[in-house]
Amino acid sequence: MRLLTAAVTSLALTLGAQAASAAPVEIKFSHVVAENTPKGQMATKFKELVDQRLAGKVEVKVYPNSQLFGDNKVLEAMLLGDVQMAAPALSKFQKYTKQLQVYDLPFLFQDMAAVDRFQQGPQGQELLGSLKTKGLVGLGYLHNGMKQLSASDPLRVPADANGKKFRIMTSDVLQAQFEAVDAVPLKKPFSEVFTLLQTKAIDGQENTWSNIYSKKFYEVQPYITESNHGVLDYLVVSSAEFWLSLDEDLRTEVKKALDEAIAYGNNIAAEKARADKQAIIDSKRSEVIEITAEERAQWVEAMKPVWKQFEGDIGKDVIDAAVAANQ
Ligand code: LMR
């Protein structure tokens, strides 16, 4: 009888274990932007592909608009296992690595094609692994686009920014960039930007066309200078603990879906930037200022010394490779 009880117990345990292992792996994907952005669309596409191909095995749940975690918390939450994937702006990894700061250097990349060439080249690929010792895995780059400067007053030359308060992401390079034009940078989460602008607690901010449009910053910022002074791109990340816990075949399938979703996001990013800029112009809520080559040269001259300031942290070879990607 005792033997029988033991056999039944062991069978029940086995079945229980099977039932447990049959539950789909949950991937919570947390991000801070609207759904109608390159990152929002990429996350939705990733979920769709996983639903189609890995139904019952993996379930992706996307949380946009800082619903689950704001950008200053998401990486900590990831290391604690509370979220499995995110794609913070490259400017938000400073606590974990200094090397990714290369992407914040003002006027480094002439356009998104140059950013792409650098990211796909050897140095760019190596940087994907720069978070390894911190328990994070870089799974791929995702584009948003070039940043523009929005403000409560017209900004044409660096002197126009003197004394003005600008919200920045948590990056010392971005801080130095604004200090270089005697402005006052303030590190604040993305979720607070609209209210800070609306209440005039700050005078301006820097962001891409799609973020300025989807978060309605243009409704509370009468001027946007088309400065294209820097890049805002993302690193799609997971924790090493979660990523390596996936069975190898499954991990390959998830990575394939992710790569396809990233390619999709990257393909729509340029067109989104163009369309959202046009929508802002059409709204007549904000004036888009085009600066002359001479005016632009003044911004470059004022901000470029920041490169030298961070050369030691980033590595001269990395900066040189980024410059070389411009041709
Ligand atoms: C920002 O904080 O301005 C951006 O990082 C938001 C985003 O993720 O595009």
# chains A, B, ... in the order shown; residues from 1 in each chain; ligands from 1

call {"tool": "residues_near_ligand", "arguments": {"ligand": "ligand 1", "cutoff": "6 Å", "atoms": "only C-alpha atoms and all ligand atoms", "output": "list of chain:residue names"}}
result
A:Val32, A:Val33, A:Pro88, A:Ala89, A:Met169, A:Phe190, A:Asn207

call {"tool": "write_last_selection", "arguments": {"atoms": "N, CA and C atoms", "output": "JSON list (two decimals), in the first residue's frame"}}
result
[["chain", "number", "residue", "atom", "x", "y", "z"],
["A", 32, "VAL", "N", 8.45, 53.38, -22.62],
["A", 32, "VAL", "CA", 7.93, 54.65, -22.11],
["A", 32, "VAL", "C", 7.21, 55.50, -23.16],
["A", 33, "VAL", "N", 7.34, 55.11, -24.43],
["A", 33, "VAL", "CA", 6.77, 55.97, -25.48],
["A", 33, "VAL", "C", 5.36, 55.50, -25.87],
["A", 88, "PRO", "N", 15.39, 50.86, -23.65],
["A", 88, "PRO", "CA", 15.65, 52.24, -23.25],
["A", 88, "PRO", "C", 16.54, 52.95, -24.27],
["A", 89, "ALA", "N", 16.42, 54.27, -24.30],
["A", 89, "ALA", "CA", 17.31, 55.06, -25.15],
["A", 89, "ALA", "C", 18.75, 54.77, -24.74],
["A", 169, "MET", "N", 17.71, 63.48, -20.77],
["A", 169, "MET", "CA", 17.72, 62.11, -20.27],
["A", 169, "MET", "C", 18.88, 61.99, -19.28],
["A", 190, "PHE", "N", 11.03, 60.67, -18.85],
["A", 190, "PHE", "CA", 10.24, 61.01, -20.04],
["A", 190, "PHE", "C", 8.78, 61.30, -19.68],
["A", 207, "ASN", "N", 14.31, 66.20, -28.46],
["A", 207, "ASN", "CA", 13.73, 64.89, -28.75],
["A", 207, "ASN", "C", 13.53, 64.71, -30.25]]

call {"tool": "residues_around", "arguments": {"residues": "stretch 172-189 of chain A", "least_positions_apart": "4", "cutoff": "9 Å", "atoms": "only C-alpha atoms", "output": "JSON, numbers by chain"}}
result
{"A": [70, 71, 72, 91, 94, 101, 102, 104, 105, 106, 158, 159, 160, 161, 162, 163, 164, 165, 166, 167, 168, 193, 202, 205, 299, 302, 303, 304, 305, 306, 307, 309, 310]}

call {"tool": "write_last_selection", "arguments": {"atoms": "C-alpha atoms", "output": "CSV table (one decimal), in the first residue's frame"}}
result
chain,number,residue,atom,x,y,z
A,70,GLY,CA,9.5,54.6,-16.0
A,71,ASP,CA,12.9,54.7,-17.8
A,72,ASN,CA,14.9,55.3,-14.6
A,91,SER,CA,21.4,57.6,-23.2
A,94,GLN,CA,25.3,55.4,-18.1
A,101,GLN,CA,27.8,57.5,-24.2
A,102,VAL,CA,29.4,57.7,-27.7
A,104,ASP,CA,25.1,61.1,-27.1
A,105,LEU,CA,28.1,63.1,-28.4
A,106,PRO,CA,26.6,66.2,-30.2
A,158,PRO,CA,23.7,79.0,-29.0
A,159,ALA,CA,23.4,82.4,-27.2
A,160,ASP,CA,19.5,81.9,-27.5
A,161,ALA,CA,19.8,79.0,-25.1
A,162,ASN,CA,21.7,80.9,-22.4
A,163,GLY,CA,20.2,80.4,-19.0
A,164,LYS,CA,17.3,78.3,-20.3
A,165,LYS,CA,16.2,75.1,-18.6
A,166,PHE,CA,16.2,72.0,-20.7
A,167,ARG,CA,15.0,68.6,-19.7
A,168,ILE,CA,17.5,65.9,-20.6
A,193,VAL,CA,8.3,66.1,-19.8
A,202,ILE,CA,11.3,74.1,-17.9
A,205,GLN,CA,13.8,69.8,-24.3
A,299,TRP,CA,26.2,75.2,-32.3
A,302,ALA,CA,30.1,75.5,-29.0
A,303,MET,CA,29.2,71.8,-28.4
A,304,LYS,CA,32.0,69.8,-30.0
A,305,PRO,CA,34.5,70.3,-27.1
A,306,VAL,CA,32.2,67.8,-25.2
A,307,TRP,CA,33.8,65.0,-27.3
A,309,GLN,CA,35.6,65.7,-22.2
A,310,PHE,CA,34.3,62.1,-22.6

call {"tool": "select_by_dssp", "arguments": {"residues": "stretch 39-144 of chain A", "states": "helix (DSSP H, G or I)", "output": "count of residues only"}}
result
48

call {"tool": "atom_distance", "arguments": {"atom1": "atom CA of A:Val25", "atom2": "atom CA of A:Pro38"}}
result
25.3 Å

call {"tool": "residues_around", "arguments": {"residues": "A:Ser30", "least_positions_apart": "4", "cutoff": "12 Å", "atoms": "only C-alpha atoms", "output": "NGL selection string"}}
result
:A and (34-35 or 39-40 or 43-44 or 60-75 or 77-78 or 82-88 or 236-238)

call {"tool": "write_last_selection", "arguments": {"atoms": "C-alpha atoms", "output": "short mmCIF file (atom, residue, chain, number, x, y, z; two decimals), in the first residue's frame"}}
result
data_model
loop_
_atom_site.label_atom_id
_atom_site.label_comp_id
_atom_site.auth_asym_id
_atom_site.auth_seq_id
_atom_site.Cartn_x
_atom_site.Cartn_y
_atom_site.Cartn_z
CA ALA A 34 3.42 55.93 -27.27
CA GLU A 35 2.37 52.95 -29.37
CA LYS A 39 9.59 51.61 -30.58
CA GLY A 40 5.87 51.18 -29.91
CA ALA A 43 7.12 46.02 -29.65
CA THR A 44 3.67 45.37 -31.11
CA VAL A 60 4.64 38.71 -24.83
CA LYS A 61 2.87 41.45 -22.90
CA VAL A 62 3.69 44.99 -23.99
CA TYR A 63 3.36 47.86 -21.53
CA PRO A 64 3.77 51.24 -23.31
CA ASN A 65 3.68 54.84 -21.98
CA SER A 66 5.65 54.15 -18.76
CA GLN A 67 2.63 52.13 -17.55
CA LEU A 68 4.76 49.50 -15.89
CA PHE A 69 8.12 51.16 -15.29
CA GLY A 70 9.53 54.59 -16.00
CA ASP A 71 12.87 54.73 -17.75
CA ASN A 72 14.88 55.28 -14.61
CA LYS A 73 13.55 52.14 -12.99
CA VAL A 74 13.21 49.62 -15.77
CA LEU A 75 16.76 48.25 -15.75
CA ALA A 77 13.36 46.00 -12.35
CA MET A 78 14.83 43.82 -15.09
CA ASP A 82 10.08 41.98 -12.68
CA VAL A 83 10.30 42.70 -16.41
CA GLN A 84 12.03 40.68 -19.13
CA MET A 85 12.56 43.10 -22.01
CA ALA A 86 12.85 46.81 -22.62
CA ALA A 87 14.43 49.17 -25.12
CA PRO A 88 15.65 52.24 -23.25
CA VAL A 236 16.79 46.26 -26.82
CA VAL A 237 17.84 44.48 -23.63
CA SER A 238 17.03 41.52 -21.47
#

call {"tool": "select_by_dssp", "arguments": {"residues": "stretch 44-230 of chain A", "states": "strand (DSSP E)", "output": "VMD selection string"}}
result
chain A and resid 58 to 63 85 to 86 136 to 146 148 to 151 165 to 168 184 to 187 204 to 207 223 to 225

call {"tool": "residues_around", "arguments": {"residues": "A:Ser210", "least_positions_apart": "3", "cutoff": "7 Å", "atoms": "only C-alpha atoms", "output": "ChimeraX atom specification"}}
result
/A:37,213-214,272-273,276

call {"tool": "write_last_selection", "arguments": {"atoms": "N, CA and C atoms", "output": "PDB file, in the first residue's frame"}}
result
ATOM      1  N   THR A  37       4.851  54.924 -32.438  1.00  0.00           N
ATOM      2  CA  THR A  37       6.242  55.384 -32.585  1.00  0.00           C
ATOM      3  C   THR A  37       7.051  54.186 -33.084  1.00  0.00           C
ATOM      4  N   TYR A 213       5.820  64.637 -31.414  1.00  0.00           N
ATOM      5  CA  TYR A 213       4.449  64.567 -31.936  1.00  0.00           C
ATOM      6  C   TYR A 213       3.564  63.684 -31.047  1.00  0.00           C
ATOM      7  N   SER A 214       3.993  62.451 -30.790  1.00  0.00           N
ATOM      8  CA  SER A 214       3.098  61.513 -30.099  1.00  0.00           C
ATOM      9  C   SER A 214       2.830  61.918 -28.653  1.00  0.00           C
ATOM     10  N   LYS A 272       8.311  57.733 -40.273  1.00  0.00           N
ATOM     11  CA  LYS A 272       7.580  58.278 -39.113  1.00  0.00           C
ATOM     12  C   LYS A 272       8.093  59.676 -38.791  1.00  0.00           C
ATOM     13  N   ALA A 273       9.420  59.822 -38.801  1.00  0.00           N
ATOM     14  CA  ALA A 273      10.011  61.128 -38.496  1.00  0.00           C
ATOM     15  C   ALA A 273       9.504  62.165 -39.503  1.00  0.00           C
ATOM     16  N   ASP A 276       5.622  62.762 -38.963  1.00  0.00           N
ATOM     17  CA  ASP A 276       5.297  63.445 -37.697  1.00  0.00           C
ATOM     18  C   ASP A 276       5.759  64.897 -37.723  1.00  0.00           C
TER      19      ASP A 276
END

call {"tool": "residues_around", "arguments": {"residues": "A:Leu128", "least_positions_apart": "2", "cutoff": "8 Å", "atoms": "only C-alpha atoms", "output": "MDAnalysis selection string"}}
result
chainID A and resid 124:126 130:131 137:140 235

call {"tool": "residues_around", "arguments": {"residues": "A:Met42", "least_positions_apart": "4", "cutoff": "10 Å", "atoms": "only C-alpha atoms", "output": "list of chain:residue names"}}
result
A:Glu35, A:Asn36, A:Thr37, A:Pro38, A:Phe46, A:Lys47, A:Glu48, A:Leu142, A:Leu258, A:Asp259, A:Glu260, A:Ala261, A:Ile262, A:Ala263, A:Tyr264, A:Gly265, A:Asn266, A:Asn267, A:Ile268, A:Ala269

call {"tool": "closest_residue", "arguments": {"among": "A:Leu49, A:Leu90, A:Ala55, A:Ala297", "to": "A:Val231", "atoms": "only C-alpha atoms"}}
result
A:Leu90

call {"tool": "closest_residue", "arguments": {"among": "A:Ile314, A:Glu192, A:Tyr141, A:Trp209", "to": "A:Arg117", "atoms": "only C-alpha atoms"}}
result
A:Tyr141

call {"tool": "residues_around", "arguments": {"residues": "A:Val318", "least_positions_apart": "3", "cutoff": "10 Å", "atoms": "only C-alpha atoms", "output": "list of chain:residue names"}}
result
A:Gln99, A:Leu100, A:Val102, A:Phe118, A:Pro122, A:Gln123, A:Gly124, A:Glu126, A:Leu127, A:Glu311, A:Ile314, A:Gly315, A:Ala321, A:Ala322, A:Val323, A:Ala324

call {"tool": "write_last_selection", "arguments": {"atoms": "N, CA, C and O atoms", "output": "mmCIF file, in the first residue's frame"}}
result
data_model
loop_
_atom_site.group_PDB
_atom_site.id
_atom_site.type_symbol
_atom_site.label_atom_id
_atom_site.label_comp_id
_atom_site.auth_asym_id
_atom_site.auth_seq_id
_atom_site.Cartn_x
_atom_site.Cartn_y
_atom_site.Cartn_z
ATOM 1 N N GLN A 99 30.568 53.371 -22.144
ATOM 2 C CA GLN A 99 30.889 53.312 -23.579
ATOM 3 C C GLN A 99 29.749 53.715 -24.497
ATOM 4 O O GLN A 99 29.962 54.303 -25.545
ATOM 5 N N LEU A 100 28.529 53.408 -24.074
ATOM 6 C CA LEU A 100 27.385 53.744 -24.929
ATOM 7 C C LEU A 100 27.166 55.250 -25.020
ATOM 8 O O LEU A 100 26.382 55.722 -25.836
ATOM 9 N N VAL A 102 28.926 57.222 -26.349
ATOM 10 C CA VAL A 102 29.350 57.709 -27.667
ATOM 11 C C VAL A 102 28.141 58.228 -28.453
ATOM 12 O O VAL A 102 28.227 59.206 -29.184
ATOM 13 N N PHE A 118 27.622 52.674 -38.357
ATOM 14 C CA PHE A 118 28.432 52.488 -37.151
ATOM 15 C C PHE A 118 27.899 51.306 -36.331
ATOM 16 O O PHE A 118 28.669 50.461 -35.866
ATOM 17 N N PRO A 122 32.097 46.818 -36.675
ATOM 18 C CA PRO A 122 32.672 46.069 -35.554
ATOM 19 C C PRO A 122 32.554 46.769 -34.192
ATOM 20 O O PRO A 122 32.183 46.127 -33.209
ATOM 21 N N GLN A 123 32.814 48.086 -34.132
ATOM 22 C CA GLN A 123 32.734 48.763 -32.828
ATOM 23 C C GLN A 123 31.296 48.816 -32.320
ATOM 24 O O GLN A 123 31.036 48.586 -31.133
ATOM 25 N N GLY A 124 30.385 49.103 -33.229
ATOM 26 C CA GLY A 124 28.973 49.165 -32.843
ATOM 27 C C GLY A 124 28.500 47.816 -32.309
ATOM 28 O O GLY A 124 27.800 47.735 -31.299
ATOM 29 N N GLU A 126 30.364 45.469 -31.040
ATOM 30 C CA GLU A 126 31.041 45.178 -29.772
ATOM 31 C C GLU A 126 30.334 45.860 -28.602
ATOM 32 O O GLU A 126 30.224 45.302 -27.509
ATOM 33 N N LEU A 127 29.831 47.062 -28.852
ATOM 34 C CA LEU A 127 29.139 47.801 -27.791
ATOM 35 C C LEU A 127 27.862 47.096 -27.316
ATOM 36 O O LEU A 127 27.408 47.310 -26.195
ATOM 37 N N GLU A 311 36.183 61.547 -23.985
ATOM 38 C CA GLU A 311 36.996 60.624 -24.778
ATOM 39 C C GLU A 311 37.575 59.489 -23.927
ATOM 40 O O GLU A 311 37.615 58.334 -24.351
ATOM 41 N N ILE A 314 34.770 56.894 -23.157
ATOM 42 C CA ILE A 314 34.195 56.203 -24.313
ATOM 43 C C ILE A 314 35.258 55.417 -25.077
ATOM 44 O O ILE A 314 35.014 54.295 -25.533
ATOM 45 N N GLY A 315 36.427 56.018 -25.218
ATOM 46 C CA GLY A 315 37.493 55.394 -26.016
ATOM 47 C C GLY A 315 37.634 56.130 -27.337
ATOM 48 O O GLY A 315 36.637 56.293 -28.060
ATOM 49 N N ALA A 321 35.734 55.602 -34.956
ATOM 50 C CA ALA A 321 34.942 54.706 -35.821
ATOM 51 C C ALA A 321 33.593 55.353 -36.139
ATOM 52 O O ALA A 321 33.088 55.221 -37.265
ATOM 53 N N ALA A 322 33.038 56.069 -35.160
ATOM 54 C CA ALA A 322 31.754 56.741 -35.397
ATOM 55 C C ALA A 322 31.936 57.854 -36.435
ATOM 56 O O ALA A 322 31.120 57.993 -37.350
ATOM 57 N N VAL A 323 33.014 58.598 -36.307
ATOM 58 C CA VAL A 323 33.290 59.665 -37.274
ATOM 59 C C VAL A 323 33.459 59.061 -38.672
ATOM 60 O O VAL A 323 32.928 59.573 -39.656
ATOM 61 N N ALA A 324 34.195 57.960 -38.730
ATOM 62 C CA ALA A 324 34.467 57.310 -40.022
ATOM 63 C C ALA A 324 33.172 56.812 -40.676
ATOM 64 O O ALA A 324 33.105 56.695 -41.909
#

call {"tool": "closest_residue", "arguments": {"among": "A:Thr208, A:Pro24, A:Thr199, A:Ser191", "to": "A:Asp233", "atoms": "only C-alpha atoms"}}
result
A:Thr208

call {"tool": "closest_atom_pairs", "arguments": {"of": "stretch 141-178 of chain A", "to": "stretch 281-290 of chain A", "cutoff": "12 Å", "atoms": "only C-alpha atoms", "output": "tab-separated table"}}
result
residue	atom	partner	partner_atom	distance
A:Gln148	CA	A:Val288	CA	9.8
A:Leu149	CA	A:Ile289	CA	9.7
A:Ser150	CA	A:Val288	CA	9.0
A:Ala151	CA	A:Ser286	CA	9.7
A:Ser152	CA	A:Ser286	CA	9.7
A:Asp153	CA	A:Glu287	CA	10.3
A:Pro154	CA	A:Ile289	CA	7.7
A:Leu155	CA	A:Ile289	CA	8.0
A:Arg156	CA	A:Ile289	CA	7.7
A:Val157	CA	A:Glu290	CA	11.3

call {"tool": "decode", "arguments": {"residues": "stretch 234-257 of chain A", "atoms": "N, CA, C and O atoms", "output": "tab-separated table (two decimals), in the first residue's frame"}}
result
chain	number	residue	atom	x	y	z
A	234	TYR	N	17.87	53.20	-29.56
A	234	TYR	CA	17.61	52.33	-28.41
A	234	TYR	C	18.46	51.08	-28.43
A	234	TYR	O	18.90	50.63	-29.48
A	235	LEU	N	18.59	50.52	-27.23
A	235	LEU	CA	19.17	49.18	-27.13
A	235	LEU	C	18.09	48.26	-26.58
A	235	LEU	O	17.56	48.53	-25.49
A	236	VAL	N	17.76	47.24	-27.33
A	236	VAL	CA	16.79	46.26	-26.82
A	236	VAL	C	17.56	45.35	-25.88
A	236	VAL	O	18.59	44.78	-26.26
A	237	VAL	N	17.10	45.25	-24.64
A	237	VAL	CA	17.84	44.48	-23.63
A	237	VAL	C	16.96	43.47	-22.89
A	237	VAL	O	15.74	43.65	-22.77
A	238	SER	N	17.66	42.47	-22.38
A	238	SER	CA	17.03	41.52	-21.47
A	238	SER	C	18.04	41.26	-20.35
A	238	SER	O	19.19	41.71	-20.45
A	239	SER	N	17.61	40.57	-19.32
A	239	SER	CA	18.60	40.22	-18.30
A	239	SER	C	19.24	38.90	-18.71
A	239	SER	O	18.57	38.03	-19.30
A	240	ALA	N	20.51	38.75	-18.39
A	240	ALA	CA	21.20	37.50	-18.75
A	240	ALA	C	20.50	36.33	-18.05
A	240	ALA	O	20.35	35.25	-18.63
A	241	GLU	N	20.04	36.57	-16.85
A	241	GLU	CA	19.41	35.49	-16.09
A	241	GLU	C	18.17	34.96	-16.82
A	241	GLU	O	18.00	33.76	-16.99
A	242	PHE	N	17.34	35.88	-17.29
A	242	PHE	CA	16.13	35.44	-18.01
A	242	PHE	C	16.50	34.84	-19.36
A	242	PHE	O	16.06	33.75	-19.72
A	243	TRP	N	17.33	35.57	-20.10
A	243	TRP	CA	17.64	35.18	-21.48
A	243	TRP	C	18.26	33.78	-21.53
A	243	TRP	O	17.89	32.94	-22.35
A	244	LEU	N	19.17	33.52	-20.62
A	244	LEU	CA	19.85	32.22	-20.63
A	244	LEU	C	18.99	31.12	-20.02
A	244	LEU	O	19.28	29.94	-20.17
A	245	SER	N	17.92	31.52	-19.32
A	245	SER	CA	17.03	30.50	-18.75
A	245	SER	C	16.13	29.89	-19.84
A	245	SER	O	15.55	28.83	-19.64
A	246	LEU	N	16.06	30.56	-21.00
A	246	LEU	CA	15.22	30.02	-22.08
A	246	LEU	C	15.92	28.82	-22.70
A	246	LEU	O	17.13	28.85	-22.93
A	247	ASP	N	15.14	27.83	-22.99
A	247	ASP	CA	15.65	26.66	-23.69
A	247	ASP	C	16.24	27.13	-25.04
A	247	ASP	O	15.70	28.05	-25.67
A	248	GLU	N	17.35	26.54	-25.46
A	248	GLU	CA	18.10	27.09	-26.58
A	248	GLU	C	17.28	27.26	-27.87
A	248	GLU	O	17.36	28.30	-28.55
A	249	ASP	N	16.46	26.25	-28.19
A	249	ASP	CA	15.65	26.35	-29.41
A	249	ASP	C	14.66	27.50	-29.32
A	249	ASP	O	14.44	28.24	-30.27
A	250	LEU	N	14.08	27.61	-28.14
A	250	LEU	CA	13.10	28.67	-27.93
A	250	LEU	C	13.77	30.04	-28.03
A	250	LEU	O	13.25	30.97	-28.64
A	251	ARG	N	14.95	30.13	-27.44
A	251	ARG	CA	15.69	31.40	-27.45
A	251	ARG	C	15.99	31.82	-28.90
A	251	ARG	O	15.86	32.97	-29.27
A	252	THR	N	16.35	30.82	-29.72
A	252	THR	CA	16.63	31.10	-31.13
A	252	THR	C	15.38	31.65	-31.83
A	252	THR	O	15.45	32.61	-32.60
A	253	GLU	N	14.24	31.03	-31.53
A	253	GLU	CA	12.99	31.48	-32.15
A	253	GLU	C	12.60	32.88	-31.68
A	253	GLU	O	12.15	33.70	-32.48
A	254	VAL	N	12.76	33.13	-30.39
A	254	VAL	CA	12.41	34.45	-29.84
A	254	VAL	C	13.32	35.51	-30.46
A	254	VAL	O	12.87	36.58	-30.87
A	255	LYS	N	14.60	35.18	-30.58
A	255	LYS	CA	15.57	36.14	-31.13
A	255	LYS	C	15.23	36.43	-32.60
A	255	LYS	O	15.35	37.58	-33.06
A	256	LYS	N	14.80	35.41	-33.32
A	256	LYS	CA	14.45	35.59	-34.73
A	256	LYS	C	13.25	36.56	-34.84
A	256	LYS	O	13.26	37.48	-35.66
A	257	ALA	N	12.25	36.34	-34.01
A	257	ALA	CA	11.08	37.23	-34.03
A	257	ALA	C	11.49	38.65	-33.66
A	257	ALA	O	11.04	39.63	-34.25
